[in-house]
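final33.txt (compact mmCIF, C-alpha atoms)
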# COMPACT_ATOMS: atom_id res chain seq x y z
CA MET Y 562 76.77 -98.04 45.88
CA PRO Y 563 75.86 -94.53 44.73
CA PRO Y 564 75.67 -91.80 47.37
CA LYS Y 565 72.44 -91.93 49.28
CA LYS Y 566 69.65 -89.56 48.42
CA ARG Y 567 67.00 -88.47 50.80
CA ALA Y 568 63.43 -87.28 50.58
CA ARG Y 569 60.74 -88.60 48.34
CA VAL Y 570 57.70 -86.41 48.92
CA GLY Y 571 54.59 -88.53 49.14
CA GLY Y 572 56.53 -91.71 49.76
CA LYS Y 573 54.85 -92.05 53.14
CA ALA Y 574 51.50 -90.72 51.99
CA GLY Y 575 48.40 -92.83 51.78
CA SER Y 576 47.88 -96.45 52.70
CA SER Y 577 48.75 -99.73 51.15
CA GLY Y 578 45.29 -99.93 49.61
CA GLY Y 579 44.46 -103.45 48.44
CA ASP Y 580 47.71 -105.14 49.39
CA GLY Y 581 46.01 -107.61 51.74
CA ASP Y 582 44.50 -110.89 50.60
CA GLN Y 583 40.75 -111.28 50.92
CA LYS Y 584 39.11 -114.60 51.60
CA SER Y 585 35.89 -115.75 50.03
CA GLY Y 586 33.33 -117.78 51.90
CA SER Y 587 32.31 -120.11 49.07
CA GLY Y 588 34.16 -122.58 46.90
CA ALA Y 589 33.08 -120.73 43.77
CA GLY Y 590 34.26 -117.48 45.32
CA LYS Y 591 37.63 -119.00 46.14
CA LYS Y 592 38.01 -120.26 42.59
CA ARG Y 593 37.09 -116.88 41.16
CA LYS Y 594 39.50 -115.12 43.53
CA ALA Y 595 42.28 -117.54 42.54
CA GLU Y 596 41.66 -116.81 38.87
CA GLU Y 597 41.75 -113.08 39.54
CA SER Y 598 44.96 -113.31 41.55
CA SER Y 599 46.67 -115.26 38.78
CA ALA Y 600 46.02 -112.47 36.27
CA ASP Y 601 49.04 -110.35 35.46
CA PRO Y 602 48.95 -106.85 37.00
CA PRO Y 603 48.94 -103.89 34.62
CA GLN Y 604 52.36 -103.33 33.13
CA TYR Y 605 53.74 -99.84 32.59
CA ASP Y 606 56.92 -98.80 30.84
CA ARG Y 607 57.18 -95.10 31.75
CA TRP Y 608 57.15 -93.38 35.13
CA LEU Y 609 56.94 -90.12 37.06
CA MET Y 610 58.95 -89.86 40.29
CA LYS Y 611 58.69 -87.01 42.78
CA SER Y 612 61.40 -85.44 44.91
CA GLU Y 613 61.94 -82.15 46.71
CA PRO Y 614 64.30 -79.59 45.12
CA GLU Y 615 64.19 -77.14 48.04
CA SER Y 616 65.76 -77.52 51.47
CA ARG Y 617 63.57 -79.02 54.18
CA PHE Y 618 64.96 -80.49 57.38
CA GLU Y 619 63.76 -83.68 59.08
CA ASN Y 620 65.50 -84.60 62.33
CA GLY Y 621 68.28 -82.20 61.42
CA ILE Y 622 68.81 -83.73 57.96
CA ASP Y 623 68.18 -81.76 54.77
CA VAL Y 624 65.96 -83.93 52.59
CA LYS Y 625 66.44 -81.75 49.49
CA PHE Y 626 67.11 -83.61 46.24
CA GLY Y 627 66.35 -82.04 42.87
CA VAL Y 628 67.26 -83.00 39.34
CA GLU Y 629 70.42 -80.87 39.54
CA ASP Y 630 71.52 -82.92 42.55
CA LEU Y 631 71.12 -86.12 40.55
CA LYS Y 632 73.07 -84.57 37.69
CA ALA Y 633 75.91 -83.70 40.07
CA LEU Y 634 76.38 -87.26 41.40
CA PRO Y 635 79.20 -89.51 40.13
CA GLU Y 636 78.09 -90.97 36.78
CA GLN Y 637 74.94 -88.88 37.30
CA THR Y 638 73.46 -91.92 39.02
CA GLY Y 639 71.86 -92.46 42.42
CA CYS Y 640 69.53 -94.71 44.38
CA TRP Y 641 65.90 -93.67 44.73
CA ASP Y 642 65.46 -94.45 48.41
CA GLY Y 643 62.95 -93.48 51.08
CA VAL Y 644 59.70 -94.57 49.42
CA ARG Y 645 57.36 -95.65 52.22
CA ASN Y 646 54.07 -96.26 50.45
CA TYR Y 647 53.19 -99.78 49.35
CA GLN Y 648 51.66 -98.84 46.01
CA ALA Y 649 54.59 -96.60 45.12
CA ARG Y 650 56.96 -99.39 46.15
CA ASN Y 651 55.08 -101.90 44.01
CA PHE Y 652 55.39 -99.62 40.99
CA MET Y 653 59.16 -99.46 41.54
CA ARG Y 654 59.24 -103.25 41.65
CA GLN Y 655 57.67 -103.27 38.18
CA MET Y 656 60.38 -101.03 36.71
CA LYS Y 657 62.75 -102.50 34.15
CA GLU Y 658 66.28 -101.43 33.34
CA GLY Y 659 66.33 -98.92 30.49
CA GLN Y 660 62.85 -97.51 31.11
CA LEU Y 661 62.47 -93.74 31.32
CA ALA Y 662 60.97 -91.59 34.07
CA PHE Y 663 60.20 -87.94 34.56
CA PHE Y 664 61.94 -86.23 37.48
CA TYR Y 665 59.15 -84.25 39.12
CA HIS Y 666 59.87 -81.44 41.56
CA SER Y 667 57.35 -81.49 44.41
CA ASN Y 668 56.61 -79.68 47.66
CA CYS Y 669 58.16 -76.49 46.30
CA LYS Y 670 57.22 -73.03 45.09
CA GLU Y 671 56.51 -74.27 41.55
CA PRO Y 672 56.04 -78.03 41.26
CA GLY Y 673 56.36 -79.70 37.89
CA ILE Y 674 58.43 -81.86 35.56
CA ALA Y 675 62.07 -80.78 35.46
CA GLY Y 676 63.97 -83.56 33.71
CA VAL Y 677 64.20 -87.07 32.34
CA MET Y 678 66.06 -89.98 33.93
CA LYS Y 679 66.55 -93.68 33.18
CA ILE Y 680 66.16 -96.75 35.37
CA VAL Y 681 69.62 -98.34 35.47
CA LYS Y 682 69.13 -100.88 38.26
CA GLU Y 683 65.92 -102.75 39.00
CA ALA Y 684 64.35 -102.94 42.46
CA TYR Y 685 66.50 -104.09 45.37
CA VAL Y 686 66.42 -103.67 49.15
CA ASP Y 687 66.33 -100.06 50.38
CA HIS Y 688 69.07 -99.93 53.02
CA THR Y 689 67.69 -96.77 54.68
CA GLN Y 690 64.86 -98.75 56.30
CA PHE Y 691 67.43 -100.35 58.65
CA ASP Y 692 69.45 -97.19 59.43
CA LYS Y 693 68.29 -95.73 62.75
CA LYS Y 694 69.93 -92.42 61.87
CA ASP Y 695 68.05 -92.12 58.59
CA VAL Y 696 64.79 -90.16 58.40
CA HIS Y 697 63.24 -93.13 56.59
CA TYR Y 698 64.13 -95.72 59.24
CA ASP Y 699 61.37 -98.30 59.72
CA ALA Y 700 61.63 -100.29 62.95
CA SER Y 701 58.96 -102.72 61.75
CA SER Y 702 61.01 -103.84 58.75
CA LYS Y 703 63.35 -106.78 59.33
CA PRO Y 704 66.49 -107.74 57.36
CA ASP Y 705 65.12 -111.24 56.74
CA ASN Y 706 61.84 -109.79 55.44
CA PRO Y 707 62.44 -106.22 54.23
CA LYS Y 708 59.40 -104.12 53.38
CA TRP Y 709 60.92 -101.47 51.16
CA SER Y 710 62.71 -101.39 47.82
CA MET Y 711 64.51 -98.84 45.70
CA VAL Y 712 65.90 -98.53 42.18
CA ASP Y 713 68.90 -96.74 40.72
CA VAL Y 714 68.27 -93.89 38.31
CA GLN Y 715 70.55 -91.99 35.96
CA TYR Y 716 70.15 -88.42 34.77
CA GLN Y 717 69.41 -88.14 31.06
CA ARG Y 718 68.60 -84.50 30.40
CA MET Y 719 66.72 -81.43 31.57
CA MET Y 720 63.38 -80.73 29.97
CA LYS Y 721 63.64 -78.22 27.13
CA ARG Y 722 61.40 -76.11 29.31
CA PHE Y 723 60.07 -76.74 32.81
CA LEU Y 724 56.51 -78.11 32.68
CA PRO Y 725 54.65 -76.70 35.70
CA LEU Y 726 51.87 -78.55 37.48
CA SER Y 727 49.46 -75.75 36.61
CA GLU Y 728 49.96 -76.34 32.87
CA LEU Y 729 49.71 -80.10 33.19
CA LYS Y 730 46.48 -79.71 35.16
CA SER Y 731 44.99 -77.47 32.49
CA VAL Y 732 45.79 -80.05 29.81
CA HIS Y 733 44.43 -82.85 32.01
CA LEU Y 734 41.13 -81.03 32.51
CA GLN Y 735 40.87 -80.32 28.79
CA HIS Y 736 41.54 -83.95 27.93
CA ARG Y 737 39.09 -85.17 30.56
CA ALA Y 738 36.38 -83.02 28.99
CA GLU Y 739 37.20 -83.55 25.33
CA GLY Y 740 39.30 -86.71 25.28
CA GLY Y 741 43.08 -86.93 25.10
CA PRO Y 742 46.14 -88.79 26.42
CA LEU Y 743 46.25 -87.10 29.83
CA LYS Y 744 42.60 -87.61 30.80
CA ASP Y 745 43.51 -90.34 33.33
CA MET Y 746 47.03 -89.19 34.22
CA ALA Y 747 48.04 -90.57 37.63
CA LEU Y 748 49.38 -87.15 38.69
CA PHE Y 749 45.74 -86.15 39.12
CA THR Y 750 44.00 -89.46 39.78
CA ARG Y 751 46.60 -90.78 42.28
CA ALA Y 752 48.04 -87.42 43.26
CA ARG Y 753 49.63 -88.39 46.59
CA LEU Y 754 51.84 -91.15 45.20
CA SER Y 755 55.53 -90.27 44.92
CA VAL Y 756 56.08 -92.91 42.23
CA GLN Y 757 53.48 -93.01 39.48
CA PRO Y 758 52.97 -95.01 36.29
CA LEU Y 759 52.66 -93.49 32.83
CA THR Y 760 51.62 -95.07 29.57
CA THR Y 761 53.86 -94.56 26.56
CA GLU Y 762 51.15 -92.35 25.07
CA GLU Y 763 51.05 -90.14 28.18
CA PHE Y 764 54.84 -89.91 28.33
CA ASP Y 765 55.23 -89.03 24.65
CA PHE Y 766 52.47 -86.42 24.80
CA ILE Y 767 54.11 -84.72 27.78
CA LEU Y 768 57.42 -84.66 25.89
CA SER Y 769 55.62 -82.97 22.99
CA LEU Y 770 54.67 -80.08 25.30
CA GLU Y 771 58.35 -79.11 25.51
CA ASP Y 772 58.20 -77.70 21.98
CA LYS Y 773 54.98 -75.76 22.51
CA GLU Y 774 54.45 -72.34 24.01
CA PRO Y 775 53.36 -72.36 27.67
CA LEU Y 776 49.61 -72.15 28.17

Have the structure of the file written as C-alpha cells, please.
Amino acid sequence: MPPKKRARVGGKAGSSGGDGDQKSGSGAGKKRKAEESSADPPQYDRWLMKSEPESRFENGIDVKFGVEDLKALPEQTGCWDGVRNYQARNFMRQMKEGQLAFFYHSNCKEPGIAGVMKIVKEAYVDHTQFDKKDVHYDASSKPDNPKWSMVDVQYQRMMKRFLPLSELKSVHLQHRAEGGPLKDMALFTRARLSVQPLTTEEFDFILSLEDKEPL
C-alpha cells in the first residue's frame, strides 16, 4: 500500500445532502420514486481534488500534502484518504481507473490548480477511518460496514502555469454572464466539496488556460 497521505480540506465539510431514502405515502408516489431511483446517476469522467500544500497541525500531525508531495512518493502514487463528506465520497466511488483529475491546492495563501494526476485504483475502503491515532478516525464506522472510501492517484505533471482561484473565478463569472464551459463549474457551485466532478468540456477548457496569459 502506498504511504498514507493526510488532509483533504473540505472532506468533512457540509452534510450528506440527499443520501437518505424518502418514502412516499401513495402507491403512485412509490412507483414514481422507484422509477427515479432506478435511473443512473450522472456520470463524470474528470475530477478536481483538493488538498493542503502548507503545514497545518491537527492533534500534533501535519496534514500538509501538496502536488510536490505526491510527486515525491514511490512511483509518484498515493492513496487519497481522509474524505469525510458523503457527496465527495460518492464522487470518488464513481471514479474509473485511467481518468484524470486536477490537483487543487486549498486552504493556502494562493489556492488554485497546481497539477494533473490520474486515478490508478478505483474506490476501496479508507483504512484511516479505523485508526484511532489518525486525524480522520471515525468511531461510528465499523469494519463490517465501512462508511468511507478512497482511491489511489498517480502524479502526471505540473500545470504549465499555476491557475489561481482568482483567475478561475473571473472566467466562471464571465461564462455565467455570457455563456461558456465554466458557467456551472462545481468549484463555485459546490465550493465546499473536496472532491468535485468536471465534464470533459470543463476539464479541456481549463487545460487551455495554461497556454494563455494570466488575466

Which residues of range 607-630 of chain Y have any atom within 8 Å of an atom in range 734-758 of chain Y when counting only C-alpha atoms, and what is the closest pair of atoms for each, with the distance in Å to one decimal? Order the rows by chain and rising number and write it as CSV.
residue,atom,partner,partner_atom,distance
Y:Arg607,CA,Y:Pro758,CA,6.2
Y:Trp608,CA,Y:Pro758,CA,4.6
Y:Leu609,CA,Y:Gln757,CA,5.1
Y:Met610,CA,Y:Val756,CA,4.6
Y:Lys611,CA,Y:Ser755,CA,5.0
Y:Ser612,CA,Y:Ser755,CA,7.6

Compile the contact shell of Phe691 in chain Y as a PyMOL selection string: residues with an atom at most 8 Å away, counting all atoms listed in the file, same-chain residues fewer than 5 positions apart removed.
chain Y and resi 698-700+702-704

Counting all atoms listed in the file, closest pick from Y:Ser710, Y:Ser701, Y:Gln690, Y:Gln637 relative to Val677 in chain Y is Y:Gln637

Would you work out the distance separating CA of Lys670 in chain Y from CA of Met653 in chain Y, expressed in Å to one decimal?
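That distance, rounded to one decimal, is 26.7 Å.
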
Pairwise distance for CA of Pro725 in chain Y and CA of Ser616 in chain Y, rounded to one decimal in Å:
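Between CA of Pro725 in chain Y and CA of Ser616 in chain Y the gap works out to 19.3 Å.
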
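Atom pair CA of Leu631 in chain Y / CA of Gln655 in chain Y: separated by 21.9 Å.
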
If you count only C-alpha atoms, which residues fall within 9 Å of Asp772 in chain Y, apart from same-chain ones fewer than 4 positions away, as a PyMOL selection string?
chain Y and resi 721-722+768

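If you measure from each of Y:Ser727, Y:Asn668, Y:Gln717, Y:Thr760 to Lys625 in chain Y using only C-alpha atoms, the closest one turns out to be Y:Asn668.
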
Using only C-alpha atoms, which residues sit within 8 Å of Trp641 in chain Y once same-chain residues fewer than 4 positions away are excluded, as a list in words?
Lys566, Met711, Val712, Asp713 and Val714 of chain Y

Select, from Y:Phe723, Y:Glu762, Y:Ser667, Y:Arg645, the residue with the minimum atom-to-atom distance to Lys708 in chain Y, counting only C-alpha atoms.
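Smallest separation from Lys708 in chain Y among the options: Y:Arg645.
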
Residue nearest Gly676 in chain Y among Y:His697, Y:Glu636, Y:Phe664, Y:His733 (counting all atoms listed in the file):
Y:Phe664

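With all atoms listed in the file as the atoms that count, the minimum distance from Cys640 in chain Y to the choices Y:Glu615, Y:Glu658, Y:Asp687, Y:Asp623 is reached by Y:Asp687.
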
Pick from Y:Phe652, Y:Phe663, Y:Phe764, Y:Trp709, whichever lies nearest to Gly627 in chain Y using all atoms listed in the file:
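Once distances to Gly627 in chain Y are computed over all atoms listed in the file, the minimum belongs to Y:Phe663.
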
Kindly list the centre and edge lengths in Å, rounded to one decimal, for the axis-aligned box that covers all listed atoms of range 747-762 of chain Y plus 3 Å on each of its six sides, as lines of an AutoDock Vina configuration file.
center_x = 50.0
center_y = -90.6
center_z = 35.8
size_x = 18.1
size_y = 14.9
size_z = 27.5

Take the structure in the block and write a file for range 617-761 of chain Y, C-alpha atoms, as an mmCIF file, in the first residue's frame.
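Once everything was written out, this is out-v6.cif:
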data_model
loop_
_atom_site.group_PDB
_atom_site.id
_atom_site.type_symbol
_atom_site.label_atom_id
_atom_site.label_comp_id
_atom_site.auth_asym_id
_atom_site.auth_seq_id
_atom_site.Cartn_x
_atom_site.Cartn_y
_atom_site.Cartn_z
ATOM 1 C CA ARG Y 617 -1.204 22.702 9.395
ATOM 2 C CA PHE Y 618 -1.249 20.539 12.507
ATOM 3 C CA GLU Y 619 -4.207 18.505 13.772
ATOM 4 C CA ASN Y 620 -3.656 16.600 17.017
ATOM 5 C CA GLY Y 621 0.065 17.052 16.544
ATOM 6 C CA ILE Y 622 0.039 15.669 12.990
ATOM 7 C CA ASP Y 623 0.990 17.805 9.989
ATOM 8 C CA VAL Y 624 -1.796 17.383 7.449
ATOM 9 C CA LYS Y 625 0.168 19.073 4.637
ATOM 10 C CA PHE Y 626 0.052 17.329 1.262
ATOM 11 C CA GLY Y 627 0.689 19.217 -1.965
ATOM 12 C CA VAL Y 628 1.307 18.095 -5.514
ATOM 13 C CA GLU Y 629 5.066 18.055 -4.876
ATOM 14 C CA ASP Y 630 4.483 15.586 -2.036
ATOM 15 C CA LEU Y 631 2.600 13.276 -4.389
ATOM 16 C CA LYS Y 632 5.389 13.599 -6.937
ATOM 17 C CA ALA Y 633 7.946 12.589 -4.292
ATOM 18 C CA LEU Y 634 6.193 9.327 -3.321
ATOM 19 C CA PRO Y 635 7.400 5.944 -4.637
ATOM 20 C CA GLU Y 636 6.062 5.538 -8.188
ATOM 21 C CA GLN Y 637 4.580 9.015 -7.655
ATOM 22 C CA THR Y 638 1.464 7.260 -6.370
ATOM 23 C CA GLY Y 639 -0.534 7.546 -3.153
ATOM 24 C CA CYS Y 640 -3.937 6.910 -1.607
ATOM 25 C CA TRP Y 641 -6.380 9.806 -1.383
ATOM 26 C CA ASP Y 642 -7.598 9.216 2.156
ATOM 27 C CA GLY Y 643 -9.422 11.299 4.742
ATOM 28 C CA VAL Y 644 -12.512 12.328 2.764
ATOM 29 C CA ARG Y 645 -15.360 12.616 5.272
ATOM 30 C CA ASN Y 646 -18.203 14.063 3.234
ATOM 31 C CA TYR Y 647 -20.760 11.715 1.716
ATOM 32 C CA GLN Y 648 -21.120 13.526 -1.598
ATOM 33 C CA ALA Y 649 -17.358 13.760 -2.058
ATOM 34 C CA ARG Y 650 -17.077 10.067 -1.176
ATOM 35 C CA ASN Y 651 -19.777 9.175 -3.686
ATOM 36 C CA PHE Y 652 -17.908 11.025 -6.420
ATOM 37 C CA MET Y 653 -14.784 9.007 -5.604
ATOM 38 C CA ARG Y 654 -16.840 5.834 -5.894
ATOM 39 C CA GLN Y 655 -17.746 6.881 -9.450
ATOM 40 C CA MET Y 656 -14.109 7.266 -10.490
ATOM 41 C CA LYS Y 657 -12.682 4.852 -13.027
ATOM 42 C CA GLU Y 658 -9.085 3.773 -13.486
ATOM 43 C CA GLY Y 659 -7.330 5.958 -16.042
ATOM 44 C CA GLN Y 660 -9.475 9.052 -15.512
ATOM 45 C CA LEU Y 661 -7.710 12.367 -14.922
ATOM 46 C CA ALA Y 662 -8.055 14.840 -12.061
ATOM 47 C CA PHE Y 663 -6.711 18.259 -11.241
ATOM 48 C CA PHE Y 664 -4.662 18.534 -8.043
ATOM 49 C CA TYR Y 665 -6.042 21.660 -6.389
ATOM 50 C CA HIS Y 666 -4.154 23.442 -3.623
ATOM 51 C CA SER Y 667 -6.589 24.674 -0.967
ATOM 52 C CA ASN Y 668 -6.559 26.426 2.397
ATOM 53 C CA CYS Y 669 -3.352 28.238 1.488
ATOM 54 C CA LYS Y 670 -2.053 31.685 0.595
ATOM 55 C CA GLU Y 671 -2.924 31.247 -3.088
ATOM 56 C CA PRO Y 672 -5.378 28.430 -3.811
ATOM 57 C CA GLY Y 673 -5.655 27.046 -7.312
ATOM 58 C CA ILE Y 674 -4.893 24.215 -9.715
ATOM 59 C CA ALA Y 675 -1.282 23.050 -9.463
ATOM 60 C CA GLY Y 676 -1.076 19.781 -11.367
ATOM 61 C CA VAL Y 677 -2.684 16.822 -13.093
ATOM 62 C CA MET Y 678 -2.957 13.293 -11.702
ATOM 63 C CA LYS Y 679 -4.532 10.018 -12.804
ATOM 64 C CA ILE Y 680 -6.813 7.599 -10.987
ATOM 65 C CA VAL Y 681 -4.865 4.329 -10.823
ATOM 66 C CA LYS Y 682 -7.000 2.364 -8.365
ATOM 67 C CA GLU Y 683 -10.766 2.603 -8.040
ATOM 68 C CA ALA Y 684 -12.554 3.159 -4.724
ATOM 69 C CA TYR Y 685 -11.761 0.846 -1.819
ATOM 70 C CA VAL Y 686 -12.024 1.048 1.972
ATOM 71 C CA ASP Y 687 -10.226 4.010 3.569
ATOM 72 C CA HIS Y 688 -8.208 2.434 6.382
ATOM 73 C CA THR Y 689 -7.773 5.728 8.270
ATOM 74 C CA GLN Y 690 -11.388 5.611 9.489
ATOM 75 C CA PHE Y 691 -10.433 2.727 11.814
ATOM 76 C CA ASP Y 692 -7.095 4.149 13.054
ATOM 77 C CA LYS Y 693 -7.611 5.838 16.429
ATOM 78 C CA LYS Y 694 -4.323 7.685 16.016
ATOM 79 C CA ASP Y 695 -5.331 9.155 12.668
ATOM 80 C CA VAL Y 696 -6.892 12.618 12.476
ATOM 81 C CA HIS Y 697 -9.617 11.143 10.261
ATOM 82 C CA TYR Y 698 -10.629 8.373 12.675
ATOM 83 C CA ASP Y 699 -14.396 7.781 12.695
ATOM 84 C CA ALA Y 700 -15.659 5.835 15.706
ATOM 85 C CA SER Y 701 -19.072 5.407 14.087
ATOM 86 C CA SER Y 702 -17.669 3.476 11.117
ATOM 87 C CA LYS Y 703 -17.446 -0.302 11.538
ATOM 88 C CA PRO Y 704 -15.178 -2.762 9.684
ATOM 89 C CA ASP Y 705 -18.176 -4.839 8.609
ATOM 90 C CA ASN Y 706 -19.921 -1.725 7.254
ATOM 91 C CA PRO Y 707 -17.301 0.935 6.474
ATOM 92 C CA LYS Y 708 -18.534 4.422 5.653
ATOM 93 C CA TRP Y 709 -15.552 5.862 3.836
ATOM 94 C CA SER Y 710 -13.656 5.088 0.646
ATOM 95 C CA MET Y 711 -10.513 6.281 -1.067
ATOM 96 C CA VAL Y 712 -8.798 5.930 -4.430
ATOM 97 C CA ASP Y 713 -5.166 5.779 -5.498
ATOM 98 C CA VAL Y 714 -3.824 8.606 -7.627
ATOM 99 C CA GLN Y 715 -0.613 8.999 -9.604
ATOM 100 C CA TYR Y 716 1.186 12.230 -10.425
ATOM 101 C CA GLN Y 717 1.155 13.063 -14.130
ATOM 102 C CA ARG Y 718 2.587 16.560 -14.448
ATOM 103 C CA MET Y 719 2.619 20.083 -13.090
ATOM 104 C CA MET Y 720 0.444 22.636 -14.822
ATOM 105 C CA LYS Y 721 2.384 24.695 -17.348
ATOM 106 C CA ARG Y 722 1.465 27.587 -15.111
ATOM 107 C CA PHE Y 723 -0.381 27.640 -11.797
ATOM 108 C CA LEU Y 724 -4.058 28.535 -12.306
ATOM 109 C CA PRO Y 725 -5.144 30.587 -9.277
ATOM 110 C CA LEU Y 726 -8.663 30.542 -7.888
ATOM 111 C CA SER Y 727 -8.988 34.258 -8.618
ATOM 112 C CA GLU Y 728 -8.478 33.688 -12.352
ATOM 113 C CA LEU Y 729 -10.816 30.709 -12.458
ATOM 114 C CA LYS Y 730 -13.483 32.753 -10.667
ATOM 115 C CA SER Y 731 -13.150 35.578 -13.182
ATOM 116 C CA VAL Y 732 -13.623 33.133 -16.059
ATOM 117 C CA HIS Y 733 -16.552 31.489 -14.260
ATOM 118 C CA LEU Y 734 -18.314 34.829 -13.792
ATOM 119 C CA GLN Y 735 -17.709 35.750 -17.422
ATOM 120 C CA HIS Y 736 -19.082 32.423 -18.622
ATOM 121 C CA ARG Y 737 -22.068 32.671 -16.301
ATOM 122 C CA ALA Y 738 -22.922 36.054 -17.802
ATOM 123 C CA GLU Y 739 -22.125 35.338 -21.441
ATOM 124 C CA GLY Y 740 -22.157 31.546 -21.686
ATOM 125 C CA GLY Y 741 -19.153 29.241 -21.643
ATOM 126 C CA PRO Y 742 -17.824 25.915 -20.331
ATOM 127 C CA LEU Y 743 -17.175 27.068 -16.757
ATOM 128 C CA LYS Y 744 -20.573 28.661 -16.093
ATOM 129 C CA ASP Y 745 -21.639 25.771 -13.811
ATOM 130 C CA MET Y 746 -18.206 24.688 -12.579
ATOM 131 C CA ALA Y 747 -18.527 22.807 -9.269
ATOM 132 C CA LEU Y 748 -15.644 24.808 -7.769
ATOM 133 C CA PHE Y 749 -18.129 27.676 -7.475
ATOM 134 C CA THR Y 750 -21.485 25.892 -7.284
ATOM 135 C CA ARG Y 751 -20.361 23.206 -4.773
ATOM 136 C CA ALA Y 752 -17.416 25.112 -3.351
ATOM 137 C CA ARG Y 753 -17.028 23.251 -0.046
ATOM 138 C CA LEU Y 754 -16.592 19.801 -1.574
ATOM 139 C CA SER Y 755 -13.037 18.453 -1.516
ATOM 140 C CA VAL Y 756 -13.744 16.098 -4.434
ATOM 141 C CA GLN Y 757 -15.621 17.628 -7.344
ATOM 142 C CA PRO Y 758 -16.795 16.429 -10.755
ATOM 143 C CA LEU Y 759 -15.809 18.041 -14.046
ATOM 144 C CA THR Y 760 -17.170 17.490 -17.514
ATOM 145 C CA THR Y 761 -14.698 16.795 -20.301
#
